[in-house]
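The structure appears right after this line, and notes come after that.
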Amino acid sequence: MGFDWNVIVNNRGLLFQGLMVSFQLTLVAIVGGMALGTVLAMCRLSRFRVLAVAAGFYVNFLRSLPLILVIFWFYILTPQIVGHPIDAYSSVLIAFTLFEAAYYCEIIRAGIASVKAGQVNAGLALGFGRWHVMRYVVLPQAFRNMLPVLLTQAIIMFQDTSIVYVVGVRDFLTTADVVANSNNRPVELYSVVAVTFLVICFTASRLVGRLQRKYAL
Amino acid sequence: MNYSWDWGLLFRSPHIDWLIEGFRNTVVMAVLAWFIAMSLGSLIGVMRTLDNPVAKRVGTIYVEIFRNIPLLAQLFLWYYVIPELLPAAAQKFVKRDMADPQFWTSVVGLGCYTAARVAEQVRSGIQSIPRGQRAAALAMGFSTAQVYRYVLLPIGFRTVIPSLTNDFLGVFKNSSLALTLGVMELTAAARQIEEYTFHSFEPFAAATVLYSCVTLLVITLMRVIERRTRIAGSVGSGR
């Protein structure tokens with residue numbers, strides 16, 4: 001069969017819009033996931049057992065589920081809870097934030113755990129309070145240690161956003177799918193999607209690698 | 001919230017049959033894909049640690065391609081694009097004669113995707129072994145194949161068992177993406193029950209419990225295997 005790449009050129013506006021939705025989803029999920037993930041990590045490391053156990057249960061439970069199932073849950077659950085229908089995009093944002101928070105929690109926890117206990121003791125010996133030790137001694141080092149992993153997780157999440165296809169949110173892949181079906185050109189469209197993701201994610205992971213070498217402690 | 005619970009519907013025919021079929025498909029797909037991932041991934045991982053620059057290059061390209069394209073896009077490539085690029089005879093087989101194409105496409109897609117992850121684990125496992133071991137084995141007159149078979153792989157694999165467990169759980173969860181190609185796996189079964197009964201909570205809860213239980217089971221099982229295969233004298237793998 002012949003290829004017809006014009007279909008890409010003709011629909012470039014739509015496809016670009018889709019790509020922007022993918023970026024937007026990634027960005028919101030990173031910010032929301034990291035904020036909630038930090039809180040969860042603090043809970044897991046907290047001295048209050050109830051808090052630690054509850055956060056641990058949340059994280060392990062969500063990590064045992066496929067993202068697709070979590071997306072379906074919120075797609076169905078949120079309208080029931082808020083009492084009126086909401087758009088798929090909002091439900092996906094909630095699902096992503098809550099799901100990614102579990103993964104970010106583990107990354108942040110590992111980062112905090114990577115700081116040697118002697119640092120905490122030294123801080124306390126110098127008369128810092130617990131909060132100040134966290135803020136000025138532990139977190140700056142922890143953040144440096146976990147930065148590459150955080151960014152790698154962001155790349156993975158960017159790829160994961162394609163899963164919103166299952167509830168029909170118009171991200172990059174879904175848009176390409178719509179265009180592919182209306183023009184009957186699946187080969188061209190899916191190839192372009194794959195190559196675009198490949199270029200973006202490959203470049204990003206190379207940059208992360210460079211950053212890692214530069215900022216390693 | 002007004003919702004009339006009916007847990008009994010899960011156990012009525014045909015819902016229970018869909019759940020069983022879905023669960024079976026999920027498990028079978030995960031196991032078959034894992035088989036591909038382990039064989040192909042070990043090969044690629046080893047290639048990346050060889051001295052031969054061509055082997056290294058091929059391994060790196062494989063990993064970068066399969067790691068940087070979303071799994072869903074990869075499944076679409078396997079299902080919609082690759083068959084079009086095959087020679088006529090192969091195309092005829094794939095499109096017409098192959099039984100259950102969605103299922104097998106998903107298995108191959110999942111397997112190749114996970115292979116890239118396994119390859120990275122195997123590579124890091126081999127590279128974590130002090131260089132002296134390889135040099136000593138070569139000095140004793142081992143061939144390259146023997147160095148890997150008797151020295152590097154037995155240690156390399158054992159150090160990465162925990163990460164490999166994660167990758168297996170990954171393939172188990174990722175098999176849910178096969179529903180986009182129309183495979184009746186566990187999540188698809190829950191959806192189908194929802195569509196037929198308008199009850200959404202019960203079927204999704206059932207799927208959730210099944211996924212969590214398998215994950216818990218695998219983690220428990222792998223803890224035992226980790227303990228059994230711990231490298232004597234190492235501290236890191238102990239708990």
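Residue numbering restarts at 1 for every chain of the structure tokens, chains are lettered A, B, ... in their displayed order, and ligands are numbered from 1 as they appear.
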
Report as a Markdown table the residues of chain B within 6 Å of chain A, each with its shortest atom pair and distance in Å (one decimal), using only C-alpha atoms, ordered by chain and increasing residue number.
| residue | atom | partner | partner_atom | distance |
| --- | --- | --- | --- | --- |
| B:Asn68 | CA | A:Leu198 | CA | 5.0 |
| B:Ile69 | CA | A:Leu198 | CA | 5.2 |
| B:Pro70 | CA | A:Gln159 | CA | 4.7 |
| B:Val81 | CA | A:Val187 | CA | 4.9 |
| B:Lys173 | CA | A:Pro66 | CA | 4.7 |
| B:Ser212 | CA | A:Ser64 | CA | 5.4 |
| B:Thr215 | CA | A:Ser64 | CA | 5.9 |

Would you give me, as a ChimeraX atom specification, the residues in range 10-237 of chain B that DSSP reads as helix (DSSP H, G or I)?
/B:10-11,15-49,53-67,71-85,88-97,101-127,131-139,144-159,161-181,186-197,201-228

request  = Pick out the residues sitting within 12 Å of Ala117 in chain A, and hand them over as a PyMOL selection string; count only C-alpha atoms, and ignore anything fewer than 3 positions along from it in its own chain.
outcome  = chain A and resi 112-114+120-124+133-134+137-138

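If you look at CA of Val183 in chain B and CA of Pro87 in chain B, they are 26.0 Å away from each other.
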